[in-house]
file coords.cif (mmCIF, C-alpha atoms)
data_query
loop_
_atom_site.label_atom_id
_atom_site.label_comp_id
_atom_site.auth_asym_id
_atom_site.auth_seq_id
_atom_site.Cartn_x
_atom_site.Cartn_y
_atom_site.Cartn_z
CA MET B 1 -175.06 183.61 -178.03
CA ASN B 2 -176.97 186.77 -177.24
CA ALA B 3 -177.40 185.53 -173.64
CA LEU B 4 -173.64 184.90 -173.23
CA SER B 5 -172.79 188.33 -174.58
CA SER B 6 -175.21 189.91 -172.15
CA ILE B 7 -173.73 188.01 -169.16
CA LEU B 8 -170.09 188.57 -170.10
CA PRO B 9 -169.84 192.17 -168.79
CA TYR B 10 -171.21 191.07 -165.45
CA LEU B 11 -168.70 188.23 -165.29
CA VAL B 12 -165.86 190.64 -165.99
CA ILE B 13 -167.09 193.00 -163.30
CA ALA B 14 -167.39 190.12 -160.83
CA VAL B 15 -163.87 188.95 -161.57
CA LEU B 16 -162.54 192.48 -161.09
CA VAL B 17 -164.40 192.84 -157.79
CA VAL B 18 -163.06 189.51 -156.54
CA GLY B 19 -159.54 190.50 -157.62
CA LEU B 20 -159.80 193.84 -155.84
CA VAL B 21 -161.08 192.16 -152.67
CA LEU B 22 -158.27 189.62 -152.74
CA ALA B 23 -155.76 192.42 -153.31
CA ALA B 24 -157.22 194.45 -150.43
CA VAL B 25 -157.38 191.67 -147.86
CA ARG B 26 -154.31 190.74 -145.81
CA ILE B 27 -154.03 188.32 -142.91
CA MET B 28 -151.40 189.10 -140.28
CA ARG B 29 -150.25 186.47 -137.80
CA GLU B 30 -150.11 187.16 -134.07
CA TYR B 31 -146.37 187.92 -134.17
CA GLU B 32 -146.56 190.10 -137.30
CA ARG B 33 -147.39 193.75 -137.88
CA ALA B 34 -148.07 195.64 -141.10
CA VAL B 35 -146.55 199.09 -141.53
CA VAL B 36 -148.96 200.78 -143.94
CA PHE B 37 -148.08 203.59 -146.38
CA THR B 38 -150.76 205.57 -148.20
CA LEU B 39 -149.46 207.15 -151.41
CA GLY B 40 -145.96 206.80 -149.95
CA ARG B 41 -146.76 208.41 -146.62
CA TYR B 42 -146.78 206.51 -143.33
CA SER B 43 -150.34 205.96 -142.17
CA GLY B 44 -150.04 203.54 -139.23
CA VAL B 45 -149.38 200.02 -138.06
CA LYS B 46 -152.05 197.35 -138.48
CA GLY B 47 -152.47 193.80 -137.27
CA PRO B 48 -152.66 191.14 -136.18
CA GLY B 49 -155.64 189.52 -137.86
CA LEU B 50 -157.54 190.57 -140.96
CA ILE B 51 -156.69 193.96 -142.44
CA PHE B 52 -157.80 195.78 -145.58
CA LEU B 53 -155.71 197.89 -147.92
CA VAL B 54 -156.82 200.14 -150.73
CA PRO B 55 -155.34 198.59 -153.90
CA LEU B 56 -152.81 200.71 -155.79
CA ILE B 57 -153.02 203.39 -153.10
CA GLN B 58 -151.82 201.66 -149.96
CA GLN B 59 -148.79 199.40 -149.53
CA MET B 60 -147.55 197.58 -146.48
CA VAL B 61 -144.27 196.23 -145.08
CA ARG B 62 -144.52 193.06 -143.01
CA VAL B 63 -142.45 193.09 -139.78
CA ASP B 64 -141.75 190.09 -137.52
CA LEU B 65 -141.93 190.87 -133.78
CA ARG B 66 -140.45 187.59 -132.53
CA THR B 67 -137.04 187.41 -130.89
CA LEU B 68 -134.40 187.09 -133.57
CA VAL B 69 -131.03 185.39 -133.20
CA LEU B 70 -128.07 187.10 -134.82
CA ASP B 71 -124.80 185.21 -135.10
CA VAL B 72 -121.93 187.71 -134.97
CA PRO B 73 -119.07 186.54 -137.23
CA THR B 74 -115.65 185.85 -135.74
CA GLN B 75 -113.80 189.09 -135.02
CA ASP B 76 -110.05 189.64 -134.64
CA VAL B 77 -109.56 191.53 -131.38
CA ILE B 78 -106.37 192.86 -129.79
CA SER B 79 -106.75 193.04 -126.03
CA ARG B 80 -105.40 195.80 -123.84
CA ASP B 81 -102.33 193.68 -123.00
CA ASN B 82 -101.60 193.25 -126.76
CA VAL B 83 -102.85 189.68 -127.16
CA SER B 84 -104.50 188.77 -130.48
CA VAL B 85 -107.65 186.65 -130.08
CA LYS B 86 -110.58 185.60 -132.24
CA VAL B 87 -114.00 186.15 -130.69
CA ASN B 88 -117.52 185.43 -131.87
CA ALA B 89 -120.85 186.03 -130.18
CA VAL B 90 -124.60 185.74 -130.54
CA VAL B 91 -127.15 188.54 -130.11
CA TYR B 92 -130.83 188.10 -129.17
CA PHE B 93 -133.07 191.02 -130.11
CA ARG B 94 -136.60 191.83 -131.22
CA VAL B 95 -138.50 194.65 -132.86
CA VAL B 96 -140.66 196.62 -130.42
CA ASP B 97 -141.62 199.53 -132.73
CA ALA B 98 -142.39 198.24 -136.21
CA ASP B 99 -142.71 201.72 -137.72
CA LYS B 100 -139.22 202.79 -136.54
CA ALA B 101 -137.66 199.54 -137.74
CA VAL B 102 -138.98 200.25 -141.25
CA ILE B 103 -138.71 204.04 -141.46
CA GLN B 104 -135.58 204.87 -139.46
CA VAL B 105 -133.23 202.28 -140.95
CA GLU B 106 -133.01 200.61 -144.34
CA ASN B 107 -132.31 197.06 -143.16
CA PHE B 108 -132.43 196.65 -139.40
CA MET B 109 -130.99 193.12 -139.51
CA ASN B 110 -127.87 194.20 -141.40
CA ALA B 111 -127.54 197.39 -139.35
CA THR B 112 -127.75 195.48 -136.07
CA SER B 113 -125.21 192.93 -137.29
CA GLN B 114 -122.67 195.59 -138.28
CA LEU B 115 -123.19 197.48 -135.03
CA ALA B 116 -122.74 194.28 -133.01
CA GLN B 117 -119.43 193.54 -134.74
CA THR B 118 -117.96 197.00 -134.12
CA THR B 119 -119.22 197.07 -130.52
CA LEU B 120 -117.73 193.63 -129.84
CA ARG B 121 -114.30 194.74 -131.05
CA SER B 122 -114.51 198.06 -129.21
CA VAL B 123 -115.55 196.65 -125.82
CA LEU B 124 -113.21 193.65 -125.78
CA GLY B 125 -110.28 195.79 -126.89
CA LYS B 126 -110.52 197.73 -123.62
CA HIS B 127 -109.98 194.62 -121.46
CA GLU B 128 -107.11 192.27 -120.84
CA LEU B 129 -107.10 188.61 -121.83
CA ASP B 130 -107.67 187.41 -118.27
CA GLU B 131 -110.82 189.53 -118.04
CA MET B 132 -112.12 188.12 -121.35
CA LEU B 133 -111.75 184.59 -120.00
CA ALA B 134 -112.92 185.14 -116.42
CA GLU B 135 -115.48 187.97 -116.63
CA ARG B 136 -117.67 187.04 -119.57
CA ASP B 137 -120.88 187.94 -117.76
CA LYS B 138 -119.68 191.48 -117.19
CA LEU B 139 -118.55 191.84 -120.81
CA ASN B 140 -121.88 190.47 -122.05
CA ARG B 141 -123.76 193.07 -120.00
CA ASP B 142 -121.54 195.89 -121.25
CA ILE B 143 -122.04 194.92 -124.91
CA GLN B 144 -125.79 194.46 -124.41
CA THR B 145 -126.13 197.89 -122.77
CA ILE B 146 -124.26 199.64 -125.59
CA LEU B 147 -126.19 197.86 -128.34
CA ASP B 148 -129.54 198.47 -126.67
CA SER B 149 -128.90 202.19 -126.29
CA GLN B 150 -127.79 202.60 -129.91
CA THR B 151 -130.58 200.52 -131.48
CA ASP B 152 -133.34 202.17 -129.46
CA ALA B 153 -133.80 204.75 -132.23
CA TRP B 154 -134.50 201.88 -134.65
CA GLY B 155 -137.25 200.42 -132.48
CA ILE B 156 -135.12 197.41 -131.53
CA LYS B 157 -134.68 195.93 -128.07
CA VAL B 158 -131.47 193.92 -127.50
CA ALA B 159 -132.40 191.32 -124.91
CA ASN B 160 -129.13 189.46 -124.47
CA VAL B 161 -125.58 189.11 -125.78
CA GLU B 162 -123.47 185.99 -125.26
CA ILE B 163 -119.78 185.60 -126.13
CA LYS B 164 -119.48 182.06 -127.48
CA HIS B 165 -115.79 181.41 -128.14
CA VAL B 166 -112.49 183.12 -127.38
CA ASP B 167 -109.86 181.42 -129.54
CA ILE B 168 -106.23 181.92 -128.48
CA ASP B 169 -103.02 181.04 -130.32
CA GLU B 170 -101.28 177.81 -129.28
CA SER B 171 -98.14 179.58 -128.07
CA MET B 172 -100.26 181.89 -125.93
CA ILE B 173 -102.04 178.88 -124.42
CA ARG B 174 -98.69 177.47 -123.30
CA ALA B 175 -97.69 180.83 -121.83
CA ILE B 176 -100.99 181.02 -119.93
CA ALA B 177 -100.43 177.49 -118.60
CA ARG B 178 -96.97 178.47 -117.31
CA GLN B 179 -98.40 181.59 -115.73
CA ALA B 180 -101.16 179.58 -114.03
CA GLU B 181 -98.61 177.08 -112.72
CA ALA B 182 -96.44 179.86 -111.31
CA GLU B 183 -99.50 181.45 -109.71
CA ARG B 184 -100.48 178.17 -108.04
CA TYR B 185 -96.90 177.73 -106.75
CA ARG B 186 -96.95 181.28 -105.36
CA ARG B 187 -100.24 180.66 -103.58
CA ALA B 188 -98.94 177.38 -102.13
CA ARG B 189 -95.87 179.16 -100.74
CA ILE B 190 -98.00 181.91 -99.24
CA ILE B 191 -100.41 179.41 -97.66
CA GLY B 192 -97.48 177.43 -96.22
CA ALA B 193 -95.92 180.57 -94.77
CA GLU B 194 -99.24 181.63 -93.23
CA ALA B 195 -99.62 178.16 -91.71
CA GLU B 196 -96.12 178.40 -90.19
CA GLN B 197 -96.93 181.83 -88.78
CA GLN B 198 -100.18 180.62 -87.21
CA ALA B 199 -98.45 177.53 -85.79
CA ALA B 200 -95.69 179.68 -84.29
CA GLU B 201 -98.26 181.95 -82.66
CA LYS B 202 -100.06 178.97 -81.15
CA LEU B 203 -96.76 177.49 -79.89
CA VAL B 204 -95.85 180.79 -78.23
CA GLN B 205 -99.24 180.87 -76.50
CA ALA B 206 -98.82 177.25 -75.37
CA GLY B 207 -95.31 177.96 -74.04
CA GLU B 208 -96.56 180.92 -72.06
CA MET B 209 -99.33 178.81 -70.51
CA LEU B 210 -96.90 176.00 -69.60
CA ALA B 211 -94.41 178.47 -68.12
CA ARG B 212 -96.98 179.75 -65.65
CA THR B 213 -97.39 176.24 -64.12
CA PRO B 214 -94.17 174.17 -64.18
CA GLN B 215 -96.08 171.02 -63.16
CA SER B 216 -97.93 171.09 -66.45
CA MET B 217 -94.66 170.42 -68.30
CA GLN B 218 -94.27 167.13 -66.44
CA LEU B 219 -97.85 166.23 -67.35
CA ARG B 220 -97.05 167.04 -70.93
CA PHE B 221 -94.03 164.72 -70.82
CA LEU B 222 -96.18 161.91 -69.44
CA SER B 223 -98.83 162.48 -72.12
CA THR B 224 -96.17 162.33 -74.85
CA LEU B 225 -94.78 159.12 -73.35
CA GLN B 226 -98.26 157.58 -73.40
CA ASP B 227 -98.73 158.50 -77.04
CA ILE B 228 -95.39 156.94 -77.98
CA ALA B 229 -96.10 153.77 -76.01
CA GLY B 230 -99.44 153.38 -77.72
CA GLU B 231 -97.71 152.97 -81.09
CA LYS B 232 -95.86 149.79 -79.85
CA ASN B 233 -92.38 151.12 -80.56
CA SER B 234 -89.36 149.20 -79.29
CA THR B 235 -87.34 152.35 -78.77
CA ILE B 236 -88.62 155.34 -76.84
CA VAL B 237 -86.76 158.63 -76.79
CA PHE B 238 -87.76 160.57 -73.70
CA PRO B 239 -86.77 164.25 -73.49
CA VAL B 240 -84.90 165.40 -70.40
CA PRO B 241 -85.37 168.99 -69.23
CA ILE B 242 -82.33 171.21 -69.80
CA ASP B 243 -82.60 172.61 -66.27
CA LEU B 244 -82.10 169.14 -64.77
CA ILE B 245 -79.00 168.51 -66.88
CA GLN B 246 -77.50 171.89 -65.97
CA SER B 247 -78.06 171.37 -62.23
CA PHE B 248 -76.49 167.88 -62.38
CA ALA B 249 -73.49 169.18 -64.32
CA ALA B 250 -73.01 171.97 -61.78
CA ARG B 251 -72.88 169.48 -58.89
CA VAL B 252 -70.30 167.34 -60.64
CA THR B 253 -67.97 170.23 -61.38
CA THR B 254 -68.39 171.94 -57.95
CA PRO B 255 -68.74 169.31 -55.15
CA ASP B 256 -69.90 170.34 -51.70
CA ALA B 257 -66.73 169.25 -49.72
CA PRO B 258 -63.31 170.53 -50.81
CA PRO B 259 -60.65 167.85 -51.57
CA PRO B 260 -58.18 166.99 -48.67
CA ALA B 261 -54.83 168.80 -48.60
CA PRO B 262 -51.71 166.70 -49.42
CA ARG B 263 -49.64 165.53 -46.36
CA ALA B 264 -46.17 166.92 -45.95
CA THR B 265 -43.25 164.62 -46.50
CA PRO B 266 -41.10 164.13 -43.23
CA PRO B 267 -37.50 165.30 -43.42
CA ALA B 268 -34.83 162.70 -43.85
#
call {"tool": "encode", "arguments": {"input": "coords.cif", "output": "structure tokens"}}
result
Amino acid sequence: MNALSSILPYLVIAVLVVGLVLAAVRIMREYERAVVFTLGRYSGVKGPGLIFLVPLIQQMVRVDLRTLVLDVPTQDVISRDNVSVKVNAVVYFRVVDADKAVIQVENFMNATSQLAQTTLRSVLGKHELDEMLAERDKLNRDIQTILDSQTDAWGIKVANVEIKHVDIDESMIRAIARQAEAERYRRARIIGAEAEQQAAEKLVQAGEMLARTPQSMQLRFLSTLQDIAGEKNSTIVFPVPIDLIQSFAARVTTPDAPPPAPRATPPA
């Protein structure tokens, strides 16, 4: 009994020392950093690996440096052409300065989420619906630039922003379909008119070339006749030059020799 009572103080001291060591030792993973405060004052960033803290004097805040994915809730946005749409997005960001992320803002995750929502509504509200649907890459870059500049003071780097869905009302979808159909019809008319214009220009050039050599017109007639005969048609319509018809008509109406004068009747 006397031996146990003599050993007991040493056991208590050993337990206290082991408890203090366990309380002082921290292990930080490769992607983690510890923001250390000594008596409430910032004293540095430690990690990764094994770090030691003075119990009851130093405290730490663990910060994850990996890229975080933030899902921005669906936002009601009114575009510049007064179309109501629902838009959601996803933000990829990471902490680059652990001390700023802890000291400069209370909760950097919540702060970044709220800032992403307001920025999404602000940026998309300055564009028309067609731009939201066709220029997503440009809108993603604009939102990413604004978020990155505003979160730089919090030690956060916004790597990428992606707009996931742009939900439109059913009636607006039908209106967009009618607009797209009208646009395609307009383009078809313009392309047809341009084709007619180019064909007319080529025909004028061909007519000028044929007019310089009249024999080429006869060769063209023979070439056309060959093409028609190659199709094994029973009826062939062969064009006759207008000049030939006019010259033939002129000869019929105005013969070379005048008609003979009528003979006089002899008196009774």
call {"tool": "residues_around", "arguments": {"input": "coords.cif", "residues": "Ala101 (chain B)", "least_positions_apart": "6", "cutoff": "9 Å", "atoms": "all atoms listed in the file", "output": "MDAnalysis selection string"}}
result
chainID B and resid 63 95 107:108 153:156
call {"tool": "closest_residue", "arguments": {"input": "coords.cif", "among": "B:Leu39, B:Ile7, B:Ala200, B:Val91", "to": "Gln144 (chain B)", "atoms": "all atoms listed in the file"}}
result
B:Val91
call {"tool": "atom_distance", "arguments": {"input": "coords.cif", "atom1": "CA of Gln226 (chain B)", "atom2": "CA of Ala206 (chain B)"}}
result
19.8 Å
call {"tool": "closest_atom_pairs", "arguments": {"input": "coords.cif", "of": "region 157-211 of chain B", "to": "region 111-120 of chain B", "cutoff": "10 Å", "atoms": "all atoms listed in the file", "output": "CSV"}}
result
residue,atom,partner,partner_atom,distance
B:Val158,CA,B:Thr112,CA,9.5
B:Val161,CA,B:Ala116,CA,9.3
B:Ile163,CA,B:Leu120,CA,9.1
call {"tool": "residues_around", "arguments": {"input": "coords.cif", "residues": "region 42-58 of chain B", "least_positions_apart": "6", "cutoff": "9 Å", "atoms": "only C-alpha atoms", "output": "PDB file with C-alpha atoms, keeping the file's coordinate frame"}}
result
ATOM      1  CA  LEU B  20    -159.800 193.840-155.840  1.00  0.00           C
ATOM      2  CA  VAL B  21    -161.080 192.160-152.670  1.00  0.00           C
ATOM      3  CA  ALA B  23    -155.760 192.420-153.310  1.00  0.00           C
ATOM      4  CA  ALA B  24    -157.220 194.450-150.430  1.00  0.00           C
ATOM      5  CA  VAL B  25    -157.380 191.670-147.860  1.00  0.00           C
ATOM      6  CA  ARG B  26    -154.310 190.740-145.810  1.00  0.00           C
ATOM      7  CA  ILE B  27    -154.030 188.320-142.910  1.00  0.00           C
ATOM      8  CA  MET B  28    -151.400 189.100-140.280  1.00  0.00           C
ATOM      9  CA  ARG B  29    -150.250 186.470-137.800  1.00  0.00           C
ATOM     10  CA  GLU B  30    -150.110 187.160-134.070  1.00  0.00           C
ATOM     11  CA  TYR B  31    -146.370 187.920-134.170  1.00  0.00           C
ATOM     12  CA  GLU B  32    -146.560 190.100-137.300  1.00  0.00           C
ATOM     13  CA  ARG B  33    -147.390 193.750-137.880  1.00  0.00           C
ATOM     14  CA  ALA B  34    -148.070 195.640-141.100  1.00  0.00           C
ATOM     15  CA  VAL B  35    -146.550 199.090-141.530  1.00  0.00           C
ATOM     16  CA  VAL B  36    -148.960 200.780-143.940  1.00  0.00           C
ATOM     17  CA  ALA B  98    -142.390 198.240-136.210  1.00  0.00           C
ATOM     18  CA  ASP B  99    -142.710 201.720-137.720  1.00  0.00           C
ATOM     19  CA  ILE B 103    -138.710 204.040-141.460  1.00  0.00           C
TER      20      ILE B 103
END
call {"tool": "axis_aligned_box", "arguments": {"input": "coords.cif", "around": "region 64-67 of chain B", "padding_each_side": "4 Å", "output": "lines of an AutoDock Vina configuration file"}}
result
center_x = -139.5
center_y = 189.1
center_z = -134.2
size_x = 12.9
size_y = 11.5
size_z = 14.6
call {"tool": "residues_around", "arguments": {"input": "coords.cif", "residues": "Phe93 (chain B)", "least_positions_apart": "2", "cutoff": "6 Å", "atoms": "all atoms listed in the file", "output": "list in words"}}
result
Thr67, Leu68, Lys157, Val158 and Ala159 of chain B
call {"tool": "atom_distance", "arguments": {"input": "coords.cif", "atom1": "CA of Ala180 (chain B)", "atom2": "CA of Ala199 (chain B)"}}
result
28.4 Å
call {"tool": "atom_distance", "arguments": {"input": "coords.cif", "atom1": "CA of Pro214 (chain B)", "atom2": "CA of Ala229 (chain B)"}}
result
23.7 Å
call {"tool": "resolve_selection", "arguments": {"input": "coords.cif", "expression": "the PyMOL selection byres ((chain B and resi 143) around 9)", "output": "tab-separated table (two decimals) with C-alpha atoms, in the coordinates of the input"}}
result
chain	number	residue	atom	x	y	z
B	116	ALA	CA	-122.74	194.28	-133.01
B	119	THR	CA	-119.22	197.07	-130.52
B	120	LEU	CA	-117.73	193.63	-129.84
B	123	VAL	CA	-115.55	196.65	-125.82
B	124	LEU	CA	-113.21	193.65	-125.78
B	138	LYS	CA	-119.68	191.48	-117.19
B	139	LEU	CA	-118.55	191.84	-120.81
B	140	ASN	CA	-121.88	190.47	-122.05
B	141	ARG	CA	-123.76	193.07	-120.00
B	142	ASP	CA	-121.54	195.89	-121.25
B	144	GLN	CA	-125.79	194.46	-124.41
B	145	THR	CA	-126.13	197.89	-122.77
B	146	ILE	CA	-124.26	199.64	-125.59
B	147	LEU	CA	-126.19	197.86	-128.34
B	148	ASP	CA	-129.54	198.47	-126.67
B	160	ASN	CA	-129.13	189.46	-124.47
B	161	VAL	CA	-125.58	189.11	-125.78
call {"tool": "resolve_selection", "arguments": {"input": "coords.cif", "expression": "the PyMOL selection byres ((chain B and resi 170-173) around 12)", "output": "VMD selection string"}}
result
chain B and resid 82 to 85 129 to 130 166 to 169 174 to 180
